[in-house]
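**Q** What follows is the file coords21.tsv, containing TSV, C-alpha atoms and all ligand atoms:
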chain	number	residue	atom	x	y	z
E	802	MET	CA	-7.76	4.12	25.11
E	803	THR	CA	-4.93	6.51	24.37
E	804	GLU	CA	-5.68	9.94	23.01
E	805	PHE	CA	-4.83	10.46	19.38
E	806	ASP	CA	-1.36	11.90	18.89
E	807	LEU	CA	-0.81	13.44	15.43
E	808	GLN	CA	2.93	13.79	15.96
E	809	GLN	CA	3.23	10.12	16.87
E	810	THR	CA	1.17	9.18	13.81
E	811	LYS	CA	3.55	11.21	11.59
E	812	GLN	CA	6.48	9.39	13.18
E	813	ASP	CA	4.77	6.00	12.68
E	814	VAL	CA	4.30	6.73	8.97
E	815	LEU	CA	7.95	7.76	8.67
E	816	ASP	CA	9.06	4.60	10.49
E	817	TYR	CA	7.19	2.41	8.02
E	818	CYS	CA	8.55	4.44	5.11
E	819	LEU	CA	12.08	3.74	6.31
E	820	ARG	CA	11.25	0.10	6.89
E	821	SER	CA	9.95	-0.20	3.33
E	822	MET	CA	13.40	0.89	2.11
E	823	GLU	CA	15.14	-1.43	4.56
E	824	TYR	CA	13.05	-4.34	3.23
E	825	GLY	CA	13.83	-3.44	-0.39
E	826	LEU	CA	10.25	-2.54	-1.27
E	827	ASN	CA	11.10	0.94	-2.56
E	828	PHE	CA	13.95	2.85	-4.18
E	829	ASN	CA	14.60	6.55	-4.77
E	830	THR	CA	11.43	8.53	-4.07
E	831	GLN	CA	9.10	5.71	-5.04
E	832	GLY	CA	6.12	4.71	-2.96
E	833	ASN	CA	3.83	6.50	-0.55
E	834	ILE	CA	1.98	5.80	2.67
E	835	SER	CA	-1.17	7.34	4.11
E	836	VAL	CA	-3.47	6.91	7.09
E	837	ARG	CA	-7.02	8.01	7.78
E	838	LEU	CA	-7.04	10.43	10.71
E	839	PRO	CA	-9.72	10.28	13.42
E	840	GLN	CA	-11.02	13.73	12.48
E	841	PRO	CA	-13.66	13.59	9.73
E	842	ASP	CA	-12.32	14.04	6.19
E	843	ARG	CA	-8.65	14.25	7.20
E	844	PHE	CA	-5.81	12.07	5.95
E	845	LEU	CA	-2.06	12.04	6.57
E	846	ILE	CA	0.15	11.23	3.57
E	847	THR	CA	3.80	11.32	2.63
E	848	PRO	CA	4.99	14.34	0.60
E	849	THR	CA	5.82	14.18	-3.08
E	850	ASP	CA	9.35	13.83	-4.43
E	851	LEU	CA	11.26	13.49	-1.16
E	852	GLU	CA	13.45	10.51	-0.30
E	853	TYR	CA	12.22	8.63	2.78
E	854	ASP	CA	15.66	8.74	4.37
E	855	ARG	CA	15.71	12.52	4.02
E	856	MET	CA	12.28	13.03	5.56
E	857	ASP	CA	11.38	13.83	9.08
E	858	ALA	CA	7.99	13.50	10.72
E	859	ASP	CA	7.10	17.14	10.07
E	860	ASP	CA	7.40	16.58	6.31
E	861	MET	CA	4.15	14.62	6.37
E	862	VAL	CA	1.11	16.34	4.84
E	863	VAL	CA	-2.47	16.49	6.12
E	864	VAL	CA	-5.08	16.72	3.35
E	865	ASP	CA	-8.86	16.77	3.15
E	866	GLY	CA	-10.96	14.39	1.09
E	867	ASP	CA	-10.38	16.46	-2.04
E	868	GLY	CA	-6.61	16.36	-1.63
E	869	ALA	CA	-6.30	20.01	-0.53
E	870	VAL	CA	-3.46	20.60	1.92
E	871	VAL	CA	-4.74	21.33	5.42
E	872	ASP	CA	-1.38	21.18	7.18
E	873	GLY	CA	2.17	20.74	5.95
E	874	ARG	CA	5.03	22.44	4.17
E	875	HIS	CA	5.03	20.18	1.10
E	876	GLU	CA	2.69	19.05	-1.62
E	877	PRO	CA	1.19	15.61	-0.96
E	878	SER	CA	2.23	12.53	-2.92
E	879	SER	CA	1.23	12.73	-6.58
E	880	GLU	CA	-0.90	9.63	-5.98
E	881	VAL	CA	-2.97	11.25	-3.22
E	882	THR	CA	-6.13	11.03	-5.33
E	883	VAL	CA	-5.68	7.26	-5.60
E	884	HIS	CA	-5.44	6.95	-1.81
E	885	LEU	CA	-8.50	9.15	-1.33
E	886	ALA	CA	-10.52	7.08	-3.82
E	887	ALA	CA	-9.71	3.96	-1.78
E	888	TYR	CA	-10.71	5.63	1.50
E	889	ARG	CA	-14.01	6.71	-0.07
E	890	ARG	CA	-14.78	3.25	-1.40
E	891	ARG	CA	-13.56	1.22	1.58
E	892	PRO	CA	-14.71	2.49	4.98
E	893	ASP	CA	-12.89	-0.50	6.53
E	894	VAL	CA	-9.55	0.89	5.33
E	895	ASN	CA	-7.57	3.16	7.64
E	896	ALA	CA	-4.10	2.86	6.09
E	897	ILE	CA	-2.64	2.47	2.60
E	898	VAL	CA	0.87	1.45	1.58
E	899	HIS	CA	2.12	1.82	-2.00
E	900	THR	CA	5.50	0.29	-2.82
E	901	GLU	CA	7.33	-0.76	-5.98
E	902	PRO	CA	8.88	-4.13	-5.09
E	903	VAL	CA	10.60	-6.22	-7.75
E	904	PHE	CA	8.85	-9.57	-7.46
E	905	ALA	CA	5.30	-8.24	-7.26
E	906	ASN	CA	6.21	-6.07	-10.25
E	907	VAL	CA	7.29	-9.14	-12.23
E	908	PHE	CA	3.73	-10.43	-12.00
E	909	GLY	CA	2.43	-7.02	-13.02
E	910	VAL	CA	4.59	-7.11	-16.12
E	911	LEU	CA	3.42	-10.65	-16.89
E	912	GLY	CA	-0.20	-9.58	-16.32
E	913	GLU	CA	-0.74	-12.58	-14.08
E	914	PRO	CA	-2.27	-12.48	-10.58
E	915	ILE	CA	-0.10	-13.43	-7.62
E	916	LEU	CA	-1.63	-16.72	-6.52
E	917	GLY	CA	-1.69	-17.92	-2.92
E	918	ALA	CA	1.80	-19.35	-2.69
E	919	LEU	CA	2.04	-18.69	1.06
E	920	VAL	CA	-0.64	-18.83	3.74
E	921	ASN	CA	0.74	-15.65	5.28
E	922	MET	CA	-0.15	-13.75	2.12
E	923	VAL	CA	-3.70	-15.02	1.65
E	924	ILE	CA	-4.60	-14.37	5.28
E	925	TYR	CA	-3.73	-10.71	4.79
E	926	THR	CA	-4.83	-10.20	1.19
E	927	LYS	CA	-7.94	-12.42	1.46
E	928	GLY	CA	-7.23	-13.96	-1.92
E	929	ASP	CA	-5.08	-13.90	-5.03
E	930	VAL	CA	-3.65	-10.48	-5.78
E	931	PRO	CA	-5.16	-9.11	-9.02
E	932	ILE	CA	-3.32	-7.07	-11.64
E	933	MET	CA	-4.69	-3.71	-12.71
E	934	PRO	CA	-3.82	-2.88	-16.35
E	935	PHE	CA	-1.34	-0.04	-16.78
E	936	ALA	CA	-2.52	3.54	-16.57
E	937	LEU	CA	-0.97	6.70	-15.17
E	938	SER	CA	-1.65	6.75	-11.46
E	939	ASN	CA	-1.93	10.45	-10.65
E	940	ARG	CA	-5.67	10.82	-11.14
E	941	THR	CA	-8.92	9.95	-9.39
E	942	GLU	CA	-10.10	7.80	-12.32
E	943	PHE	CA	-7.15	5.52	-11.68
E	944	GLY	CA	-8.16	5.20	-8.03
E	945	ASP	CA	-11.74	4.32	-8.90
E	946	ALA	CA	-10.64	1.75	-11.49
E	947	MET	CA	-8.20	0.31	-8.96
E	948	CYS	CA	-10.98	-0.09	-6.39
E	949	ASP	CA	-13.03	-1.96	-9.00
E	950	VAL	CA	-10.14	-4.39	-9.55
E	951	MET	CA	-9.33	-4.76	-5.84
E	952	GLY	CA	-12.92	-5.18	-4.63
E	953	THR	CA	-12.84	-6.42	-1.02
E	954	LEU	CA	-9.27	-7.72	-1.30
E	955	ASN	CA	-6.47	-5.96	0.55
E	956	ALA	CA	-3.90	-5.82	-2.25
E	957	VAL	CA	-3.61	-5.00	-5.94
E	958	VAL	CA	-0.69	-4.78	-8.35
E	959	TRP	CA	-0.56	-1.85	-10.77
E	960	ALA	CA	0.91	-3.30	-13.95
E	961	ASN	CA	4.30	-1.85	-14.92
E	962	HIS	CA	4.39	0.17	-11.70
E	963	GLY	CA	3.94	-1.30	-8.23
E	964	LEU	CA	1.90	-2.72	-5.39
E	965	LEU	CA	-0.80	-1.15	-3.21
E	966	THR	CA	-2.06	-2.70	0.01
E	967	VAL	CA	-4.74	-1.53	2.42
E	968	GLY	CA	-5.59	-2.40	5.99
E	969	PRO	CA	-7.50	-1.48	9.13
E	970	ASP	CA	-4.26	-0.01	10.51
E	971	LEU	CA	-0.81	0.90	9.23
E	972	ARG	CA	0.96	-2.09	10.73
E	973	THR	CA	-1.41	-4.52	8.99
E	974	ALA	CA	-1.29	-2.69	5.65
E	975	PHE	CA	2.51	-2.79	5.77
E	976	LYS	CA	2.64	-6.45	6.78
E	977	THR	CA	0.39	-7.18	3.80
E	978	SER	CA	2.88	-5.53	1.44
E	979	VAL	CA	5.72	-7.62	2.86
E	980	ALA	CA	3.62	-10.79	2.65
E	981	VAL	CA	2.69	-10.17	-0.99
E	982	GLU	CA	6.29	-9.55	-2.02
E	983	SER	CA	7.46	-12.69	-0.18
E	984	ALA	CA	4.80	-14.82	-1.87
E	985	ALA	CA	5.59	-13.32	-5.28
E	986	LYS	CA	9.25	-14.21	-4.82
E	987	VAL	CA	8.48	-17.78	-3.76
E	988	LEU	CA	5.95	-18.24	-6.57
E	989	LEU	CA	8.40	-17.04	-9.17
E	990	HIS	CA	11.09	-19.41	-7.91
E	991	ALA	CA	8.58	-22.29	-7.83
E	992	ARG	CA	7.52	-21.56	-11.40
E	993	SER	CA	11.09	-21.75	-12.56
E	994	VAL	CA	10.91	-25.44	-11.59
E	995	THR	CA	7.32	-26.30	-12.48
E	996	SER	CA	4.55	-24.60	-14.44
E	997	SER	CA	1.97	-25.80	-11.90
E	998	PRO	CA	3.12	-25.00	-8.35
E	999	ILE	CA	0.81	-25.88	-5.47
E	1000	VAL	CA	-1.09	-22.81	-4.31
E	1001	LEU	CA	-3.78	-22.06	-1.74
E	1002	ASP	CA	-7.33	-20.96	-2.40
E	1003	TYR	CA	-8.38	-18.44	0.25
E	1004	ALA	CA	-12.09	-19.24	0.02
E	1005	SER	CA	-11.51	-22.91	0.80
E	1006	LEU	CA	-9.34	-22.23	3.86
E	1007	GLY	CA	-12.34	-21.44	6.02
E	1008	ILE	CA	-10.77	-18.39	7.64
E	1009	THR	CA	-13.50	-16.50	9.41
E	1010	SER	CA	-11.63	-14.21	11.78
E	1011	ALA	CA	-11.31	-10.64	10.60
E	1012	LEU	CA	-7.81	-9.39	10.04
P	1	ZN	ZN	4.54	4.44	-7.50
What is this file in structure tokens?
Ligand SMILES: [Zn+2]

**A**
Amino acid sequence: MTEFDLQQTKQDVLDYCLRSMEYGLNFNTQGNISVRLPQPDRFLITPTDLEYDRMDADDMVVVDGDGAVVDGRHEPSSEVTVHLAAYRRRPDVNAIVHTEPVFANVFGVLGEPILGALVNMVIYTKGDVPIMPFALSNRTEFGDAMCDVMGTLNAVVWANHGLLTVGPDLRTAFKTSVAVESAAKVLLHARSVTSSPIVLDYASLGITSAL
């Protein structure tokens, strides 16, 4: 068991931020990533209004469960209260990735869940990805309402805004975002050919291993 290394965790968050740009999941200063730290009531989150490719690891912000800055030279992401609501509601969640990818956003605009087009997605999300009706996302009430929509799933689309995925670790939460966007893209292409594409139902797949 390696000892916890805060600096390495900051670098890991930055690496996934940059990867989210590389994969086309975010543009400008969109999106944010956070992780639950091993210390009680401490969370690491990306700063507000700073491009990922202009950040370094020391730009990350440590906050407490109320969103107050404990360590860092910036204000936390404006959606910090949404992240904190998810950590409160879901003790199984240790990392959260919010992105604004095009294809997941198409389903948000349509108000239609992203069905299980690809097995890779449903394994990570544990089901169809629901759509949360539009609301401004910079308040705790939004986070609580989002948790109601997401339930025990690992992904939710915020209508007219973006995608949020959660996971037991950062790598898994990020892979879930990529998997959702891939499935959304495939589903949209499939629906341009047929109105009834073949999709998977997570519950009937009999997947019992925890991911
Ligand atoms: Zn956003």

**Q** Using all atoms listed in the file for the distances, tell me which of E:Asp859, E:His884, E:Leu826, E:Cys818 is nearest to E:Phe844.

**A**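 Of all the options, E:His884 lies closest to E:Phe844.
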
**Q** Leaving out stretch 958-969 of chain E and any residue of its chain fewer than 6 positions from it, which residues lie within 8 Å of it when counting all atoms listed in the file, given as an NGL selection string?

**A** :E and (893-902 or 905-906 or 908-910 or 912 or 930-935 or 975 or 977-978 or 1012)

**Q** What is the distance between atom CA of E:Gly917 and atom CA of E:Leu1001, in Å to one decimal?

**A**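 So the two atoms, atom CA of E:Gly917 and atom CA of E:Leu1001, lie 4.8 Å apart.
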
**Q** Under the rule that all atoms listed in the file are counted, which of E:Leu937, E:Leu988, E:Leu911, E:Ala918 is the nearest residue to ligand ZN 1 (chain P)?

**A** E:Leu937

**Q** Using only C-alpha atoms, can you tell me which of E:Lys927, E:Leu807, E:Tyr817, E:Gly825 comes closest to E:Pro839?

**A**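 Among E:Lys927, E:Leu807, E:Tyr817, E:Gly825, it is E:Leu807 that comes nearest to E:Pro839.
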
**Q** Would you pick out the contacts of E:Gln812 at 9 Å or less, using all atoms listed in the file, so that residues sharing its chain but fewer than 6 positions from it are not included, and give the list as a PyMOL selection string?

**A** chain E and resi 857-859+861

**Q** Name the closest residue to E:Val957 among the candidates E:Val862, E:Val987, E:Leu815, E:Ile915; distances are taken between atoms, counting only C-alpha atoms.

**A**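 Of the candidates, the smallest distance to E:Val957 is held by E:Ile915.
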
**Q** Calculated over all atoms listed in the file, which of the candidates E:Ser835, E:Ser997, E:Gln840, E:Ser879 has the smallest distance to ligand ZN 1 (chain P)?

**A**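 That would be E:Ser879, the residue with the smallest distance to ligand ZN 1 (chain P).
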
**Q** Could you please determine the separation between atom CA of E:Ile846 and atom CA of E:Thr953 in Å, to one decimal place?

**A**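 Distance reported for this atom pair: 22.4 Å.
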
**Q** May I have the residues within 10 Å of E:Leu916 as JSON, numbers by chain, using all atoms listed in the file and disregarding those fewer than 6 positions away in the same chain?

**A** {"E": [908, 922, 923, 928, 929, 930, 931, 981, 984, 985, 988, 998, 999, 1000, 1001, 1002, 1003]}

**Q** In Å, rounded to a single decimal, give me how far atom CA of E:Asp945 is from atom CA of E:Asp842.

**A**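 It comes out at 18.0 Å.
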
**Q** Would you mind telling me which residue in E:Ala1004, E:Ile834, E:Cys948, E:Leu989 lies nearest to ligand ZN 1 (chain P) when using all atoms listed in the file?

**A**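 Closest residue, counting all atoms listed in the file: E:Ile834.
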
**Q** Axis-aligned box over every listed atom of stretch 876-885 of chain E, padded by 8 Å per side: centre and edges in Å to one decimal, as JSON?

**A**
{"center_x": -2.9, "center_y": 13.0, "center_z": -3.8, "size_x": 27.2, "size_y": 28.1, "size_z": 21.6}
